[in-house]
Each structure stands twice: as structure tokens, then as C-alpha cells.
There are 2 protein chains.
Amino acid sequence: MLVWERPEPLDRPSPAPLSRDGIVRASIRLADADGLEAVSLRKVAAALNVGPMRLYGYIATKDELLDLMVDAVHAEIRPTGDGWREALCSLAEATRHAVHRHEWFADLIGGRPQLGPHTLASGEAVVAAMGGVDLDAAVPAIAAVNAYVIGAVRREITERRAERATGMDKRQWQATFGPYLERTFATGRFPALARVVRDGPHLDADQTFRAGLDLLLDGIEARIAH
Amino acid sequence: MLVWERPEPLDRPSPAPLSRDGIVRASIRLADADGLEAVSLRKVAAALNVGPMRLYGYIATKDELLDLMVDAVHAEIRPTGDGWREALCSLAEATRHAVHRHEWFADLIGGRPQLGPHTLASGEAVVAAMGGVDLDAAVPAIAAVNAYVIGAVRREITERRAERATGMDKRQWQATFGPYLERTFATGRFPALARVVRDGPHLDADQTFRAGLDLLLDGIEARIAH
DNA sequence: GTATCGACCGATACACTGTATTCCCTGATG
DNA sequence: CATCAGGGAATACAGTGTATCGGTCGATAC
């Protein structure tokens with residue numbers, strides 16, 4: 001083929017610089033903005049002006065990307081304060097605040113084994129902060145607080161989404177689910193639940209989280225004290 | 001209108017008898033056998049000798065199917081025994097056993113609002129079993145136990161899967177992750193964690209679950225007693 | 001300086017997903 | 001008997017994660 005009709009080598013756009021960190025950061029941005037289901041390898045790649053397959057040079061699987069995202073969030077979670085109770089309490093609150101910043105975190109937390117550096121550092125910090133407490137008491141205590149936090153933030157985010165889905169107002173929510181609950185309660189099949197709704201305490205999210213956490217910490221304190 | 005109260009369409013005797021219950025049962029069978037990712041509308045339909053679109057006469061969305069599956073499992077979860085502590089403890093254990101029968105349940109629990117009949121019945125039963133306890137104390141206690149259980153079973157299943165993925169033996173697991181942990185601990189960046197691994201208590205899954213639960217129940221007891 | 005080779009990036013391909021739409025058959029009705 | 005409505009099934013579509021392929025470029029061997 002003659003030179004004249006052979007097309008020039010199309011000058012390819014200079015390959016964008018890439019790094020695992022940049023990929024994770026872009027993914028987190030997407031997830032923060034539009035939820036976890038907005039994180040697809042194609043969209044992440046597009047956000048970085050890169051072909052989808054480029055990412056496989058940095059991660060082997062999408063699950064690995066999610067693991068990296070989770071570990072990145074753990075960098076924001078550290079215990080503060082003095083004493084074991086302060087440490088556990090602050091760790092729980094820090095986790096909850098991280099979930100508020102990254103709602104998708106609630107979907108992933110506890111769902112896959114976490115051995116990333118930031119997760120380990122977070123664990124290291126809390127174990128260290130437990131200071132004088134005997135390991136035989138400290139380990140189950142930390143595990144229990146972690147478990148409680150996982151469940152609590154999941155439920156909190158679930159509720160928040162339900163409210164937002166129906167119209168971002170609590171009154172709207174009650175207007176949507178209210179009639180259904182009214183009707184099912186009217187059947188008389190759930191008298192105790194009906195009583196809770198009528199006469200029970202109506203705590204907001206902050207209070208609910210703190211109340212449960214305090215119960216658990218009280219139990220731990222009793223075990224440690226004696 | 002919500003799934004729970006929407007009536008099923010008339011039973012067409014024509015090709016293959018179908019029912020919401022049959023669909024849910026088939027889905028659960030698939031999930032039990034091959035995990036949640038084996039539950040696709042096409043596979044469920046195929047298991048019932050039915051075209052995929054048939055299912056949309058009974059559910060509006062795949063999420064609704066998952067909700068139905070979760071509610072079906074809640075039918076297996078009831079508190080037993082006398083007294084509030086027995087009730088909460090048995091509820092927690094029952095949930096955990098349900099998760100052992102249906103590992104995928106751990107992936108869904110706490111992830112979406114649950115207002116299905118079996119879930120409500122489970123809540124009704126536990127509230128009723130709290131008997132004489134003041135509502136202001138009972139409600140946060142139940143919420144806390146629920147949160148703890150969600151987190152605890154998630155972590156337990158996650159661990160179980162990790163072990164199974166590497167070779168279904170605990171020694172295999174340590175052979176796979178061990179070297180990595182050895183190396184990262186050898187860096188000296190996580191001395192407290194290293195000490196836990198070396199000198200800490202090594203509880204099995206049963207003991208870990210019970211230990212955390214007992215801590216929480218102790219805290220609740222202190223609140224209720226005074 | 002030239003030829004070869006290896007790495008790597010982008011495009012394409014594949015199997016699969018949830019769901020909207022269309023089409024056709026069948027059974028009921030006028 | 002003709003018409004019509006409704007429901008099951010096939011098709012269609014946009015999207016997913018990932019395997020494979022092809023070509024191009026830079027570095028290396030002679």
C-alpha cells in the first residue's frame with residue numbers, strides 16, 4: 001500500500017497516568033455521589049479517561065476494588081481519647097461518622113475479610129488503646145463492639161434510605177408506609193408491636209445508636225471491673 | 001402498593017402452576033445450594049419450568065423477591081423460653097442458626113426495610129416475651145441485640161467463607177493468609193495485634209458469639225434491674 | 001543500524017444480568 | 001361464529017464483569 005493512502009499512525013492520546021490510589025479515589029467519588037451500584041469498572045475507567053481493561057493492571061477483580069475502597073475508608077476510622085471505654089466508644093462513633101460520609105460503606109462492612117493496611121492500623125490502634133485491660137477480656141469486647149456497630153449502622157442507613165426513597169421527609173414516609181402498617185396493626189395480630197408504636201420511646205438515630213452502645217459498654221465494664 | 005398486601009393473581013390452570021410461595025421456595029433452594037449470586041430471575045424461572053417474565057406477575061422487581069426470601073427465613077426465627085433474657089438470647093441464637101442454614105441470609109440481613117408478616121411476627125413475639133419490662137428499656141434492648149446479631153453473623157459467615165475459599169481447612173487458611181500476616185507483623189508496625197495473635201484468646205465461633213451476646217445482655221440487665 | 005521480541009493498551013467478544021416491549025395464542029364474550 | 005381482551009413467551013435492550021486478540025511502541029540483541 002502506498003504511503004499516500006496509508007493513514008498516519010493515529011496519534012493516540014497520551015496514556016493517562018494511573019495508580020491504584022487514583023482508581024480507588026475515583027471509585028469512592030462515584031459511590032459517594034450515586035451509590036454503590038454506580039461503581040462499575042466501565043464508569044470508573046471513564047471517570048479516569050481510560051479504557052476499562054486498563055484497570056486490570058491494578059486490580060484483579062472488582063471485589064478487590066471494593067476491598068480497597070473499604071480499606072481506604074478505614075483510614076478515617078481511629079479511636080481517640082484515654083481509657084478503654086473512651087477508645088471503644090470513639091471507635092464506634094468514628095465508624096458511624098464514616099458511614100455517614102460514605103453510605104455505601106454500610107453495604108460492604110463486615111461482608112468480606114479485611115486485612116488491608118488501614119484496617120489493620122485501625123485494629124492496632126484500638127488494641128493498643130485498650131492498654132491495661134487483659135487480653136482475654138479486651139478481645140471479645142472489641143469484637144462485640146465491632147459487631148454491634150456493623151449491625152447498627154446498617155439498620156440506620158437502611159432506614160435513612162427508606163425515608164429518602166418515599167420522598168425525603170419523615171412525614172412522607174409515614175404517609176406511605178403508615179397506611180400499610182395501620183391496616184396490618186388493625187388486624188390485631190401484632191398487639192405488642194402496636195403498643196410499641198403507640199406508647200414506646202421515639203428515639204432519633206443518634207440516641208438509638210448511643211443507647212445500644214452504652215448498654216454494651218456497660219456490660220463490658222462489668223466484666224472488666226471485677 | 002407493597003408486596004405483602006398485594007394479592008396474587010388468579011391461578012391460571014393453563015401451563016405450569018405458579019405461586020409466590022413456590023417462587024420464593026425455589027429461590028431459597030438455589031441460594032442455599034450455590035449462594036446468592038446463583039439467584040437470577042432466569043435461573044429461578046428455569047427451576048420452575050417457566051419463562052423468566054412469568055415471575056413479574058408475582059413480583060415487581062428482583063429486590064422484592066429478595067425481600068420475600070428474607071421474610072420467609074424470618075418465619076424460622078422465634079424467641080423461646082421465659083423471661084426477657086431468655087427471650088433475647090434465644091432470638092439471637094435462632095437468628096444465628098437460621099444464618100447457618102441459609103448463609104446468604106447474612107448478606108441481606110439489615111440491608112433493606114423489613115415489614116413482611118413473618119418479620120413482624122418475630123418482632124411481635126419478642127416484644128411480647130419482654131413481658132413486664134418497661135417499654136422505654138425494652139425497645140433499645142431489642143434494637144441493640146438485633147444490631148449485635150447482624151454484625152456478629154456477618155463476620156462469622158465472612159470468616160467461614162474465607163476459610164472455605166482457600167481450602168476448607170483452618171490449617172489451609174493459615175497456610176494461605178499466614179505468610180502475608182507473618183510478613184506484615186514482621187514489619188513491627190502492628191505490635192499490639194501481633195501480641196493478640198500470639199497471646200490472645202482463641203475462641204471458636206460459638207464462644208465468640210456467646211461472649212459478645214453475654215456482654216450485651218449483662219449491660220441490659222444492669223439497666224433493667226435498677 | 002537493523003531486526004526481533006516482549007509488554008501493554010485499546011478494541012472486541014462473550015456470557016450473563018434485570019427488565020421493557022412486542023407478539024401471538026387462547027379462552028371468554030357478543 | 002366473530003371479536004376482543006388478557007396473559008404467557010419470545011424478543012429486545014442496555015448494562016455488567018472479564019477473556020481474548022491485535023496492533024503498536026519501546027527496549028534489547030546482533
# chains A, B, ... in the order shown; residues from 1 in each chain; ligands from 1
call {"tool": "interface_residues", "arguments": {"of": "chain B", "to": "chain A", "cutoff": "6 Å", "atoms": "only C-alpha atoms", "output": "ChimeraX atom specification"}}
result
/B:110-112,124,128,135-136,144,147-148,150-152,154-155,158,190,192-193,200-201,212,215-216,218-220
call {"tool": "interface_residues", "arguments": {"of": "chain D", "to": "chain B", "cutoff": "10 Å", "atoms": "only C-alpha atoms (C1' of nucleotides)", "output": "PyMOL selection string"}}
result
chain D and resi 7-10
call {"tool": "closest_residue", "arguments": {"among": "A:Phe185, A:Glu93, A:Arg78, A:Leu55", "to": "chain C", "atoms": "only C-alpha atoms (C1' of nucleotides)"}}
result
A:Leu55
call {"tool": "interface_residues", "arguments": {"of": "chain C", "to": "chain B", "cutoff": "9 Å", "atoms": "only C-alpha atoms (C1' of nucleotides)", "output": "PDB file with N, CA and C atoms (P, O5', C5', C4', C3', O3' and C1' of nucleotides), in the first residue's frame"}}
result
ATOM      1  P    DT C  17     -27.786 -15.208  34.599  1.00  0.00           P
ATOM      2  O5'  DT C  17     -28.089 -13.669  34.844  1.00  0.00           O
ATOM      3  C5'  DT C  17     -27.388 -12.992  35.884  1.00  0.00           C
ATOM      4  C4'  DT C  17     -27.668 -11.507  35.790  1.00  0.00           C
ATOM      5  C3'  DT C  17     -29.131 -11.147  35.813  1.00  0.00           C
ATOM      6  O3'  DT C  17     -29.553 -11.112  37.159  1.00  0.00           O
ATOM      7  C1'  DT C  17     -27.924  -9.832  34.216  1.00  0.00           C
ATOM      8  P    DG C  18     -31.133 -11.249  37.429  1.00  0.00           P
ATOM      9  O5'  DG C  18     -31.691  -9.791  37.099  1.00  0.00           O
ATOM     10  C5'  DG C  18     -31.233  -8.687  37.867  1.00  0.00           C
ATOM     11  C4'  DG C  18     -31.863  -7.415  37.343  1.00  0.00           C
ATOM     12  C3'  DG C  18     -33.390  -7.382  37.403  1.00  0.00           C
ATOM     13  O3'  DG C  18     -33.804  -6.052  37.675  1.00  0.00           O
ATOM     14  C1'  DG C  18     -32.701  -7.204  35.154  1.00  0.00           C
ATOM     15  P    DT C  19     -35.317  -5.832  38.049  1.00  0.00           P
ATOM     16  O5'  DT C  19     -35.925  -5.494  36.617  1.00  0.00           O
ATOM     17  C5'  DT C  19     -35.670  -4.218  36.061  1.00  0.00           C
ATOM     18  C4'  DT C  19     -36.085  -4.179  34.617  1.00  0.00           C
ATOM     19  C3'  DT C  19     -37.605  -4.229  34.355  1.00  0.00           C
ATOM     20  O3'  DT C  19     -37.939  -3.065  33.645  1.00  0.00           O
ATOM     21  C1'  DT C  19     -36.420  -5.548  32.824  1.00  0.00           C
TER      22       DT C  19
END
call {"tool": "select_by_dssp", "arguments": {"residues": "segment 36-197 of chain A", "states": "alpha helix (DSSP H)", "output": "PyMOL selection string"}}
result
chain A and resi 41-47+62-74+83-101+105-108+117-129+135-166+170-186+191-197
